[in-house]
Amino acid sequence: MGIMNLFGLETKTCWNVTRIEPLNEVQSCEGLGDPACFYVGVIFILNGLMMGLFFMYGAYLSGTQLGGLITVLCFFFNHGEATRVMWTPPLRESFSYPFLVLQMYILTLILSGKAVLVFYTFYHFCFFILFQIASLFPMYVVGYIKPSKFRKIIYVNMISVILSFILMFGNLMCLSSYYSSSLLMTWAIILKRNKIKKLGVSELNFWLIQGSAWWCGTIILKFLTSKILGVSDHIHLSDLIAARILRYTDFDTLIYTCAPEFDFMEKATPLRYTKTLLLPVVMVITCLIFKKTIRDISCVLLAFHTLQLLAFTALAILIMRLKLFLTPHMCVMASLICSRRLFGWLFRRVRFENVIFGILTVMSIQGYANLHNQWSIIGEFNNLPQEELLQWIKYNTTPGAVFAGAMPTMASVKLSTLHPIVNHPLYEDADLRARTKIVYSTYSRKSAKEVRDKLLELHVNYCVLEEAWCVVRTKPGCSMLEIWDVEDPSNAANPPLCSVLLKDARPYFTTVFQNSVYRVLKVN
């Protein structure tokens with residue numbers, strides 16, 4: 001902003017908006033000089049540029065620019081299944097996903113021999129790069145990738161982990177992840193490959209020994225590094241998947257899996273893919289790739305992207321939110337409908353242009369309807385109860401007053417009032433998770449005195465209680481009370497604390513503010 005002002009360029013325009021009483025006049029600003037507008041603007045610019053990247057990706061993979069066009073059109077025809085950046089631009093994934101696509105494109109160039117060693121770092125997506133390693137390793141074992149090239153890829157990944165560890169201010173989660181452990185195990189297996197070969201086992205056993213060593217070694221090394229570094233309490237996406245498969249439940253896993261976006265994939269999702277012809281096209285392409293790669297070991301790119309597709313499919317079925325990785329990858333795979341390497345036998349019988357035009361025509365029938373539906377979504381955000389809460393906090397409490405409450409609400413309190421808070425939505429962190437659990441005990445069956453004492457240990461002055469959280473139930477077993485009954489069965493016979501506090505919070509709490517949604521309790 002200082003540089004722009006020096007040149008006399010306006011970066012922000014503000015208006016005073018007068019509203020109907022009892023609402024106060026507010027200031028509304030737009031332009032890149034406003035921090036919120038700047039961040040959201042950058043997010044949309046990145047995701048706009050990502051469309052160009054998808055075009056290049058699809059064109060390169062298919063060998064024709066028409067393949068790039070199909071990738072982009074499939075993305076827009078399935079826009080509601082491919083992204084949620086229009087709903088949640090502030091999320092980390094909205095910023096980092098374009099860089100993950102860039103990394104995958106660069107890796108594609110490296111595998112094809114069109115690019116040399118390239119550095120790439122990651123943010124928030126090490127679990128998905130783990131799946132890249134899990135896809136590349138068996139390809140290396142059976143001979144699809146040359147050892148020298150695979151070794152360079154592993155070294156680049158190792159350097160990326162170290163850089164990420166430094167740039168994230170020594171975040172030990174980088175070093176204790178399955179991803180880091182898999183890199184070390186892969187490196188060790190590469191070094192010992194010749195010694196394993198000297199055992200004189202058959203080729204199949206040679207593959208099985210390396211694969212078993214990688215899987216078992218990665219898991220063991222992950223738990224060892226977690227214990228040594230003292231970060232075993234951190235929740236990773238892999239922990240949620242394991243909990244889903246093993247049907248293991250506790251307070252932390254239920255907080256995640258009870259959210260709709262962490263549920264299983266909707267049954268309607270495959271139907272939506274089918275209506276735009278995306279699923280049938282990708283299934284045909286996948287079947288042809290399997291037939292071709294079994295006979296032709298030179299199809300490195302086809303094998304790699306098919307393994308990635310299978311990995312993303314498994315993840316999306318287990319956790320609905322992860323379809324945001326599956327759908328774009330399906331769009332990239334759809335570009336292969338233009339590949340003469342796969343469909344040369346068809347294009348020799350039918351004109352290439354006729355086949356592609358026919359497929360795009362069928363895709364566009366439902367695709368255009370989906371696009372029109374996306375364009376028709378017009379609205380504005382309005383949350384008067386929360387605005388009343390934030391206004392009350394701003395003008396009726398001291399600047400140093402400490403607040404606790406639901407994670408999303410606390411994020412708003414911190415950003416809008418600058419008050420200290422004890423918990424916020426970064427639930428992966430063990431310390432924050434422990435504090436949030438104490439705060440959420442206001443929705444348990446514990447005694448008011450016990451909860452008050454725990455909140456005082458966190459130096460909480462005010463606790464924000466949301467009445468809906470006392471009764472809301474997204475699905476069976478997912479109300480806060482039911483979650484607490486799983487975590488704290490010894491108090492299952494006691495009355496809900498939330499109901500007690502809503503009726504009369506004294507003597508351990510005092511109600512100092514309330515509206516239709518929120519109630520602020522002063523901790524006595």
# chains A, B, ... in the order shown; residues from 1 in each chain; ligands from 1
call {"tool": "residues_around", "arguments": {"residues": "A:His79", "least_positions_apart": "6", "cutoff": "8 Å", "atoms": "only C-alpha atoms", "output": "list in words"}}
result
Asn370, Leu371 and Gln374 of chain A
call {"tool": "residues_around", "arguments": {"residues": "A:Glu266", "least_positions_apart": "3", "cutoff": "12 Å", "atoms": "only C-alpha atoms", "output": "list of chain:residue names"}}
result
A:Glu81, A:Pro260, A:Glu261, A:Phe262, A:Asp263, A:Thr269, A:Pro270, A:Leu271, A:Arg272, A:Tyr273, A:Ala316, A:Ile317, A:Leu318, A:Ile319, A:Met320, A:Arg321, A:Leu322, A:Lys323
call {"tool": "residues_around", "arguments": {"residues": "A:Leu465", "least_positions_apart": "5", "cutoff": "9 Å", "atoms": "only C-alpha atoms", "output": "list in words"}}
result
Ala404, Gly405, Ala406, Thr442, Tyr443, Cys470, Cys498, Leu501, Leu502, Val517, Tyr518, Arg519, Val520 and Leu521 of chain A
call {"tool": "select_by_dssp", "arguments": {"residues": "stretch 140-331 of chain A", "states": "helix (DSSP H, G or I)", "output": "ChimeraX atom specification"}}
result
/A:140-142,147-167,178-197,203-229,237-246,251-257,260-262,268-275,278-295,300-318,320-331
call {"tool": "write_last_selection", "arguments": {"atoms": "C-alpha atoms", "output": "tab-separated table (two decimals), in the first residue's frame"}}
result
chain	number	residue	atom	x	y	z
A	140	TYR	CA	10.46	-48.49	-9.77
A	141	VAL	CA	10.40	-52.02	-8.35
A	142	VAL	CA	9.00	-53.62	-11.52
A	147	PRO	CA	16.81	-46.31	-10.65
A	148	SER	CA	18.85	-43.15	-11.35
A	149	LYS	CA	15.74	-41.09	-12.13
A	150	PHE	CA	13.82	-42.46	-9.15
A	151	ARG	CA	16.77	-41.72	-6.85
A	152	LYS	CA	16.78	-38.08	-7.99
A	153	ILE	CA	13.03	-37.78	-7.35
A	154	ILE	CA	13.49	-39.12	-3.81
A	155	TYR	CA	16.38	-36.72	-3.13
A	156	VAL	CA	14.29	-33.77	-4.31
A	157	ASN	CA	11.46	-34.85	-2.01
A	158	MET	CA	13.88	-35.12	0.92
A	159	ILE	CA	15.19	-31.62	0.29
A	160	SER	CA	11.59	-30.40	0.06
A	161	VAL	CA	10.81	-31.88	3.49
A	162	ILE	CA	13.80	-30.09	5.01
A	163	LEU	CA	12.85	-26.79	3.34
A	164	SER	CA	9.26	-27.14	4.52
A	165	PHE	CA	10.45	-27.91	8.06
A	166	ILE	CA	12.51	-24.68	8.04
A	167	LEU	CA	9.84	-22.50	6.38
A	178	TYR	CA	4.20	-41.09	6.90
A	179	TYR	CA	5.53	-39.15	3.93
A	180	SER	CA	8.93	-38.46	5.55
A	181	SER	CA	9.15	-42.05	6.80
A	182	SER	CA	8.36	-43.40	3.32
A	183	LEU	CA	11.17	-41.30	1.83
A	184	LEU	CA	13.72	-42.70	4.30
A	185	MET	CA	12.55	-46.26	3.68
A	186	THR	CA	12.63	-45.77	-0.09
A	187	TRP	CA	16.15	-44.37	0.14
A	188	ALA	CA	17.26	-47.32	2.28
A	189	ILE	CA	15.75	-49.86	-0.14
A	190	ILE	CA	17.43	-48.17	-3.11
A	191	LEU	CA	20.80	-48.42	-1.33
A	192	LYS	CA	20.27	-52.10	-0.45
A	193	ARG	CA	18.69	-53.10	-3.78
A	194	ASN	CA	21.79	-54.87	-5.10
A	195	LYS	CA	22.26	-56.80	-1.83
A	196	ILE	CA	18.64	-57.99	-1.98
A	197	LYS	CA	19.20	-59.05	-5.59
A	203	GLU	CA	11.79	-61.86	-9.70
A	204	LEU	CA	8.35	-62.01	-8.05
A	205	ASN	CA	9.87	-62.60	-4.61
A	206	PHE	CA	12.36	-59.79	-5.29
A	207	TRP	CA	9.40	-57.45	-5.85
A	208	LEU	CA	7.53	-58.73	-2.78
A	209	ILE	CA	10.55	-58.32	-0.49
A	210	GLN	CA	10.99	-54.68	-1.52
A	211	GLY	CA	7.25	-53.93	-1.29
A	212	SER	CA	6.87	-55.56	2.14
A	213	ALA	CA	9.97	-53.79	3.44
A	214	TRP	CA	8.61	-50.44	2.22
A	215	TRP	CA	5.15	-50.85	3.78
A	216	CYS	CA	6.26	-52.30	7.12
A	217	GLY	CA	9.31	-50.04	7.39
A	218	THR	CA	7.32	-46.87	6.67
A	219	ILE	CA	4.73	-47.66	9.37
A	220	ILE	CA	7.33	-48.66	11.98
A	221	LEU	CA	9.57	-45.68	11.21
A	222	LYS	CA	6.60	-43.30	11.41
A	223	PHE	CA	5.71	-44.46	14.92
A	224	LEU	CA	9.35	-44.39	16.03
A	225	THR	CA	9.93	-40.82	14.80
A	226	SER	CA	6.63	-39.72	16.36
A	227	LYS	CA	7.69	-41.12	19.73
A	228	ILE	CA	11.24	-39.74	19.51
A	229	LEU	CA	10.08	-36.26	18.45
A	237	LEU	CA	-5.44	-37.60	7.58
A	238	SER	CA	-4.12	-41.15	7.68
A	239	ASP	CA	-5.36	-41.48	11.28
A	240	LEU	CA	-8.88	-40.51	10.19
A	241	ILE	CA	-8.80	-43.02	7.34
A	242	ALA	CA	-7.57	-45.75	9.70
A	243	ALA	CA	-10.34	-44.87	12.17
A	244	ARG	CA	-12.90	-45.04	9.35
A	245	ILE	CA	-11.69	-48.45	8.14
A	246	LEU	CA	-11.25	-49.97	11.63
A	251	PHE	CA	-13.72	-37.70	20.81
A	252	ASP	CA	-11.13	-36.43	18.32
A	253	THR	CA	-12.07	-38.71	15.43
A	254	LEU	CA	-15.80	-38.05	15.94
A	255	ILE	CA	-15.25	-34.28	15.84
A	256	TYR	CA	-13.89	-34.82	12.33
A	257	THR	CA	-15.97	-37.69	10.97
A	260	PRO	CA	-20.57	-33.82	6.54
A	261	GLU	CA	-17.41	-33.19	4.48
A	262	PHE	CA	-15.63	-36.04	6.32
A	268	ALA	CA	-25.31	-39.27	-5.86
A	269	THR	CA	-21.72	-38.31	-6.73
A	270	PRO	CA	-21.00	-41.20	-9.17
A	271	LEU	CA	-24.37	-40.49	-10.80
A	272	ARG	CA	-23.38	-36.85	-11.34
A	273	TYR	CA	-20.09	-38.00	-12.90
A	274	THR	CA	-22.02	-40.35	-15.18
A	275	LYS	CA	-24.46	-37.70	-16.38
A	278	LEU	CA	-16.87	-38.15	-17.10
A	279	LEU	CA	-17.06	-41.48	-15.25
A	280	PRO	CA	-17.74	-43.68	-18.32
A	281	VAL	CA	-14.94	-42.01	-20.30
A	282	VAL	CA	-12.42	-42.39	-17.46
A	283	MET	CA	-13.42	-46.02	-16.88
A	284	VAL	CA	-12.89	-46.88	-20.56
A	285	ILE	CA	-9.52	-45.08	-20.53
A	286	THR	CA	-8.46	-46.89	-17.34
A	287	CYS	CA	-9.33	-50.32	-18.77
A	288	LEU	CA	-7.33	-49.60	-21.93
A	289	ILE	CA	-4.35	-48.38	-19.88
A	290	PHE	CA	-4.35	-51.60	-17.84
A	291	LYS	CA	-4.29	-53.67	-21.04
A	292	LYS	CA	-1.55	-51.53	-22.57
A	293	THR	CA	0.77	-51.18	-19.55
A	294	ILE	CA	0.81	-54.92	-18.91
A	295	ARG	CA	2.26	-55.45	-22.39
A	300	VAL	CA	5.34	-44.76	-17.49
A	301	LEU	CA	3.01	-41.74	-17.52
A	302	LEU	CA	-0.11	-43.81	-18.14
A	303	ALA	CA	0.76	-46.22	-15.30
A	304	PHE	CA	1.57	-43.41	-12.86
A	305	HIS	CA	-1.60	-41.41	-13.50
A	306	THR	CA	-3.75	-44.54	-13.29
A	307	LEU	CA	-2.26	-45.43	-9.90
A	308	GLN	CA	-2.90	-41.85	-8.75
A	309	LEU	CA	-6.50	-42.14	-9.97
A	310	LEU	CA	-7.02	-45.34	-7.97
A	311	ALA	CA	-5.52	-43.72	-4.85
A	312	PHE	CA	-7.70	-40.60	-5.16
A	313	THR	CA	-10.77	-42.79	-5.75
A	314	ALA	CA	-10.17	-44.79	-2.58
A	315	LEU	CA	-9.64	-41.61	-0.54
A	316	ALA	CA	-12.74	-39.89	-1.97
A	317	ILE	CA	-14.93	-42.90	-1.17
A	318	LEU	CA	-13.74	-42.90	2.45
A	320	MET	CA	-16.21	-37.08	0.78
A	321	ARG	CA	-14.13	-33.90	0.99
A	322	LEU	CA	-11.31	-35.61	-0.91
A	323	LYS	CA	-13.39	-35.84	-4.08
A	324	LEU	CA	-11.98	-32.35	-4.67
A	325	PHE	CA	-8.74	-34.16	-5.57
A	326	LEU	CA	-10.42	-37.00	-7.45
A	327	THR	CA	-12.60	-34.92	-9.78
A	328	PRO	CA	-9.81	-32.71	-11.23
A	329	HIS	CA	-7.63	-35.78	-11.73
A	330	MET	CA	-10.49	-37.51	-13.55
A	331	CYS	CA	-10.69	-34.43	-15.80
call {"tool": "select_by_dssp", "arguments": {"residues": "stretch 24-268 of chain A", "states": "strand (DSSP E or B)", "output": "ChimeraX atom specification"}}
result
/A:26-30
call {"tool": "atom_distance", "arguments": {"atom1": "atom CA of A:Asn423", "atom2": "atom CA of A:Met407"}}
result
6.3 Å
call {"tool": "atom_distance", "arguments": {"atom1": "atom CA of A:Phe381", "atom2": "atom CA of A:Arg84"}}
result
16.1 Å
call {"tool": "atom_distance", "arguments": {"atom1": "atom CA of A:Tyr60", "atom2": "atom CA of A:Phe95"}}
result
24.3 Å
call {"tool": "closest_residue", "arguments": {"among": "A:Ile129, A:Val231, A:Met265, A:Leu46", "to": "A:Leu175", "atoms": "only C-alpha atoms"}}
result
A:Val231
call {"tool": "closest_residue", "arguments": {"among": "A:Thr11, A:Ser416, A:Ser335, A:Asn396", "to": "A:Val512", "atoms": "only C-alpha atoms"}}
result
A:Asn396
call {"tool": "residues_around", "arguments": {"residues": "A:Asn494", "least_positions_apart": "6", "cutoff": "12 Å", "atoms": "only C-alpha atoms", "output": "count of residues only"}}
result
10
call {"tool": "residues_around", "arguments": {"residues": "A:Tyr462", "least_positions_apart": "4", "cutoff": "6 Å", "atoms": "only C-alpha atoms", "output": "mmCIF file with N, CA and C atoms, in the first residue's frame"}}
result
data_model
loop_
_atom_site.group_PDB
_atom_site.id
_atom_site.type_symbol
_atom_site.label_atom_id
_atom_site.label_comp_id
_atom_site.auth_asym_id
_atom_site.auth_seq_id
_atom_site.Cartn_x
_atom_site.Cartn_y
_atom_site.Cartn_z
ATOM 1 N N PHE A 403 -11.291 -15.242 25.507
ATOM 2 C CA PHE A 403 -12.539 -15.910 25.125
ATOM 3 C C PHE A 403 -12.291 -17.364 24.739
ATOM 4 N N LEU A 521 -21.022 -16.421 28.663
ATOM 5 C CA LEU A 521 -20.969 -16.705 30.095
ATOM 6 C C LEU A 521 -19.659 -16.186 30.660
ATOM 7 N N LYS A 522 -19.769 -15.351 31.696
ATOM 8 C CA LYS A 522 -18.567 -14.886 32.398
ATOM 9 C C LYS A 522 -18.148 -15.966 33.381
ATOM 10 N N VAL A 523 -16.868 -16.344 33.329
ATOM 11 C CA VAL A 523 -16.359 -17.394 34.211
ATOM 12 C C VAL A 523 -16.051 -16.782 35.566
#
